[in-house]
Every structure is written in C-alpha cells, then in structure tokens.
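Presented below is the structure to which this report refers.
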Number of protein chains: 2
Amino acid sequence: MSSSVAAPRRRRKEARPSELTAAALELFVEKGFAATRLEDIAARAGVSKGTLYLYFDSKEALFKAVIQEGILPAVAEGEAILARHGGSAFGLLERILENWWTRIGDTHLSGVSKLMISEARNFPEVAQFYYENVIRRNRALVGTALERGMASGEFRPLAVDACIDVIIAPFLMVSIWRHSLACCLESQANPRESLDVHLDLLRRGLQAPTL
Amino acid sequence: MSSSVAAPRRRRKEARPSELTAAALELFVEKGFAATRLEDIAARAGVSKGTLYLYFDSKEALFKAVIQEGILPAVAEGEAILARHGGSAFGLLERILENWWTRIGDTHLSGVSKLMISEARNFPEVAQFYYENVIRRNRALVGTALERGMASGEFRPLAVDACIDVIIAPFLMVSIWRHSLACCLESQANPRESLDVHLDLLRRGLQAPTL
DNA sequence: TAGGTTGCTGACCGCCCGGTCATCAGCCTG
DNA sequence: CAGGCTGATGACCGGGCGGTCAGCAACCTA
C-alpha cells in the first residue's frame, strides 16, 4: 500500500555489526533481553531480520557481543592512568573515577551496567566474564589508590573492599537510575552534583586526622 | 505415567494470593518479567495455572501486586521512627537506615528494588506509583534527618538531595548485587561490613568542623 | 553490458506461552 | 447421606517471535 519508497538496499558489510550491537544495546537496556524482538533491533539498525543472522548466530550471541563491545578499552585506559599517576592518592582516585565517568558513566555505555545487572542470572557465563574482565579490574584500580593512600598516611586505615563498594555505589546508581526510573519521571537534578558531593564527603571521610 | 500421587487439591482461598505473589516475586527477580512463565509461578506456589487467574486478571496485574505488597508497611514504620526520635541527627539517620535494612534490604523484599529498576520502563505507571509512595517517602525521611542536622549545626551545610543520593546508593547496590551478579559468583564479603564502613565514612564526611 | 559474486531480503515454519473454559472434586448444609 | 456451591484443574486456542532459506539485487570485473 501507499507509495512505499522501498529500501535503498546498500551493501555495507563492515559497518553492520557495530550498528546492530548499538541498536541492540539501546533496546536491551530499554525493554530487557527477553522482551526485545530481533525484528525491532534489525529495524532500528535499518536492516531486515535475516541480515542480523548473517552477523550473529543467535539472540544470545548478540547479547554477548553487546556486553563486550566498548567496555574493555575504557578499563585499559583506567589502568594506564594508574601507571602514570604520581600525585596524591585522592587525586589518583578522582582521576580514575573521572575516567570511568567520561568513558562509560556519562555515555550510552552506562546502559551496559543496567543490562548486566538485570540479566546476570539468565547468562551466568557472560556474568562471569564481565566480573573478571570489567568489575574486578575496575575495583582493583580503586583498591590500589586506597592502599597507596593508607600506606602513605594520607588516608586512615579501613577495610579496602568495603571502601570500594561505598566509593563506586553512587557512580553505578546514577548510571542505572538514568536508564530505569528516571525515564518515567520528569527529570531529576543534575547527577554530576551528586557525584561532586560524594567526592567531597569521601575526601573528609577518608582523610587521616592531622596529628 | 508412574504412580502419580496426584494433587491433594485443597481449597484455601485466603492463603493463595500471598503465596502466588511470593512465588512471582522470586521468579520475576531471578529471570525478569518477560522471561518468567506463569506456569512456573503457579507450580512454585503449588497450584495450577488456571488457579492463578482466579486471583489475578493478567500477568501485568500480578506484577503490580508483587511490587505493592509488603513494601508500604516498612515505609510507614520509618515515618513512625522519625516522629518518635529525639537524639542526634546522625543517630536518627542510623535508625532510619537500620529500619530499612532490617525490614527490606536484608529480606527477600530487597528483590523488589532490583525488579523495579529492571522493569520500570516497561511499566511506567507502576514506576510512577513506586516513586511517589516508596522512593519519595524514603528519600524524605533521610532528607529530614539531614536538614535537622544542618539546622542544629551537627552537620555542615550541603546540597540535601545530592546527599540523599550518596547515602542511599550503597544500601541499594548491596540489595541489587545480591540478586544479580552475586548469584553467579562464589560469595562476596559480608555486605554488612560495607554498610558499616559507609556509615563510618559518612559520619566524618557530614560532621561540621569543630570551631 | 553480460555474467558472476555476495550482501540482503521477507515470507515462512514451528514452538512457546498468555489466557480461557468446561469439568471436576472438596467442603458445607440440612 | 444427598445435593449444591465453589475453588481448582488442565486441555485447548491463537498470536507472537526466534530462527531459516530460496531468491533477489547491488556491485565488480572484463
């Protein structure tokens, strides 16, 4: 019916995979894995369902690709920052967190955090991979900064793993919130303000008492 | 096949709804709404699929019931604590958070937090209800404690809404974590330890400098 | 421009699951 | 014990979606 402009039908073998994973990320984050239809993913990428199967073996394979794409480079960058840094431990902490925020938290990649949390139990192997290659390495970055500060006397002695939980929780919650309830409400305050207050509270909380 | 002990088939009109919502909560939290089959919910509640429809009009109605059940009383209890409390602002904060932890965070109800975050965008009206009746009221509790402390000079002046975000984030993350990646890993450290460190950091972070 | 290569398409299949309903069986009343 | 009321059942239906494949059309090469 109607004039139906018909599809241009271009051949672009190189660009397809990343266009498909980008479309899949958006829809998986919005609706969840099970509630997302492959046809919708293909449509958002401007392609038909059959084309999707030229690049990915199954819906689950697409999920794995979505999780892995784009996250790993940001982790590596964080590790490079740690290797280069020479100033105060708190300054190092700030730079690590700033890097995460710039590369992931404040981009569309923040959706991966929500997606992984929502679907971990349905994909235990993917969750295992994500833990080993993303979470563990990011936690190690924060942990190293903390240990450095405690060793130098800049921070007071505290349980490192517990501190890591406390430090990263607000960053994760801001990311997750943005992709869940925030979408159903008329805007919230600037998330950046919360994170600045978080760092301000942390600075005083970690600080060793001056003798 | 086999002897098939057959179902006892008891009539228990009163107990069914809460048994069904309890079973539904477990499965929705584990698999997500879309990936959970009504037949599995019914089976876990020891009942057939048809029986489920005697008590709930649809899968979505069951979802709404799951979200609303059990959470509201805990919020009311928090409000009662605030009305009664007379000590320090930080003590009030601790009691409010302790109440939340005891009534929700450390119980199976913590699954509701993960479920609501995962499904909010698929059920905007439910999300709206949850925000107005649970999140907003709980945030108001924490906010009141903060304002009281800032007014009395116990806390230094800070942006209240941002502080609320920072204070509740670790509690929520611990709850959510327990229902997602933690299930795919061999145990984590005691979450209670993280929350104790969180309160310790907070106490020093909020504290007004002694003149 | 003819012919071949291949990225792309969309109609099709079969299973799965939300929802229905005729029937059954436990309980109560007289 | 008879009769009926009602909670519970499970076979059934229909639509939707993951996955397939025979054919098509864009591009290349000579």
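Just remember, in the structure tokens the first chain shown is A, the second B, etc., residues are 1-based per chain, and ligands are 1-based in the order shown.
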
Exercise answer, chain B residues close to chain A, 6 Å and only C-alpha atoms, as a compact mmCIF listing (two decimals) with C-alpha atoms, in the first residue's frame:
```txt
# COMPACT_ATOMS: atom_id res chain seq x y z
CA ALA B 34 9.10 -11.24 30.33
CA ALA B 35 11.20 -14.36 30.80
CA ILE B 117 14.84 -0.93 38.35
CA SER B 118 14.84 -3.61 35.67
CA ALA B 120 10.43 0.47 35.25
CA ARG B 121 10.47 1.41 31.58
CA PRO B 124 5.72 3.48 33.58
CA ALA B 162 22.71 15.13 46.43
CA VAL B 166 25.05 9.34 48.14
CA ALA B 169 23.27 4.33 46.93
CA PRO B 170 25.39 1.77 48.83
CA SER B 180 22.21 -10.26 40.25
CA LEU B 181 25.91 -10.91 39.80
CA CYS B 184 26.91 -16.14 39.60
CA SER B 194 30.42 -2.40 53.66
CA HIS B 198 29.76 3.53 54.70
CA LEU B 201 32.81 7.46 56.31
CA ARG B 204 33.15 12.06 59.34
CA GLY B 205 32.09 13.40 55.99
```

With 8 Å as the limit and counting only C-alpha atoms (C1' of nucleotides), what residues in chain A lie close to chain D? Please list them as a ChimeraX atom specification. /A:9-11,37-38,59

Contact set, chain C to chain A: 9 Å, only C-alpha atoms (C1' of nucleotides), as a VMD selection string: chain C and resid 7 to 10

Selection from above, N, CA and C atoms (P, O5', C5', C4', C3', O3' and C1' of nucleotides), as a PDB file, in the first residue's frame, can you write it?
```
ATOM      1  P    DG C   7      29.305 -10.981   1.494  1.00  0.00           P
ATOM      2  O5'  DG C   7      28.475  -9.726   2.023  1.00  0.00           O
ATOM      3  C5'  DG C   7      28.604  -8.491   1.361  1.00  0.00           C
ATOM      4  C4'  DG C   7      27.251  -7.815   1.244  1.00  0.00           C
ATOM      5  C3'  DG C   7      26.423  -7.741   2.519  1.00  0.00           C
ATOM      6  O3'  DG C   7      25.758  -6.482   2.533  1.00  0.00           O
ATOM      7  C1'  DG C   7      25.189  -8.924   0.884  1.00  0.00           C
ATOM      8  P    DC C   8      24.849  -6.073   3.824  1.00  0.00           P
ATOM      9  O5'  DC C   8      23.389  -6.511   3.387  1.00  0.00           O
ATOM     10  C5'  DC C   8      22.802  -5.925   2.227  1.00  0.00           C
ATOM     11  C4'  DC C   8      21.466  -6.572   1.931  1.00  0.00           C
ATOM     12  C3'  DC C   8      20.502  -6.679   3.109  1.00  0.00           C
ATOM     13  O3'  DC C   8      19.467  -5.705   2.900  1.00  0.00           O
ATOM     14  C1'  DC C   8      20.483  -8.636   1.708  1.00  0.00           C
ATOM     15  P    DT C   9      18.235  -5.581   3.979  1.00  0.00           P
ATOM     16  O5'  DT C   9      17.151  -6.560   3.352  1.00  0.00           O
ATOM     17  C5'  DT C   9      16.735  -6.341   2.018  1.00  0.00           C
ATOM     18  C4'  DT C   9      15.760  -7.420   1.605  1.00  0.00           C
ATOM     19  C3'  DT C   9      14.570  -7.610   2.552  1.00  0.00           C
ATOM     20  O3'  DT C   9      13.387  -7.284   1.855  1.00  0.00           O
ATOM     21  C1'  DT C   9      15.520  -9.708   1.904  1.00  0.00           C
ATOM     22  P    DG C  10      12.137  -6.538   2.625  1.00  0.00           P
ATOM     23  O5'  DG C  10      11.055  -7.698   2.723  1.00  0.00           O
ATOM     24  C5'  DG C  10      10.759  -8.481   1.577  1.00  0.00           C
ATOM     25  C4'  DG C  10      10.177  -9.821   1.999  1.00  0.00           C
ATOM     26  C3'  DG C  10       9.210  -9.764   3.185  1.00  0.00           C
ATOM     27  O3'  DG C  10       8.240 -10.783   3.019  1.00  0.00           O
ATOM     28  C1'  DG C  10      10.931 -11.187   3.721  1.00  0.00           C
TER      29       DG C  10
END
```

Report, in Å to a single decimal, how far apart atom CA of Ala65 of chain A and atom CA of Leu25 of chain A are.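 Spanning atom CA of Leu25 of chain A to atom CA of Ala65 of chain A is a straight-line distance of 9.6 Å.
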
Taking the chain letters and numbering used in this document, name the residues of segment 6-194 of chain A that DSSP puts in alpha helix (DSSP H), as JSON, numbers by chain. {"A": [16, 17, 18, 19, 20, 21, 22, 23, 24, 25, 26, 27, 28, 29, 30, 31, 38, 39, 40, 41, 42, 43, 44, 49, 50, 51, 52, 53, 54, 55, 59, 60, 61, 62, 63, 64, 65, 66, 67, 68, 71, 72, 73, 74, 75, 76, 77, 78, 79, 80, 81, 82, 83, 84, 89, 90, 91, 92, 93, 94, 95, 96, 97, 98, 99, 100, 110, 111, 112, 113, 114, 115, 116, 117, 118, 119, 124, 125, 126, 127, 128, 129, 130, 136, 137, 138, 139, 140, 141, 142, 143, 144, 145, 146, 147, 148, 149, 150, 151, 152, 160, 161, 162, 163, 164, 165, 166, 167, 168, 169, 170, 171, 172, 173, 174, 175, 176, 177, 178, 191, 192, 193, 194]}

Using only C-alpha atoms, the best pick from B:Val66, B:Ile104, B:Ala23, B:Ala208 as closest to Arg44 of chain B would be B:Ala23

Pick from A:Glu69, A:Val75, A:Ser152, A:Lys64: nearest to Ser18 of chain A, with only C-alpha atoms counted?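 So, comparing all the options, the nearest one is A:Glu69.
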
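Here the question is which of A:Leu20, A:Ala89, A:Leu109, A:Leu62 gets nearest to Glu154 of chain A using only C-alpha atoms, and that residue is A:Ala89.
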
What does the structure give for the distance between atom CA of Ala61 of chain A and atom CA of Leu27 of chain A, in Å to one decimal?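 Value for the atom CA of Ala61 of chain A-atom CA of Leu27 of chain A distance: 15.4 Å.
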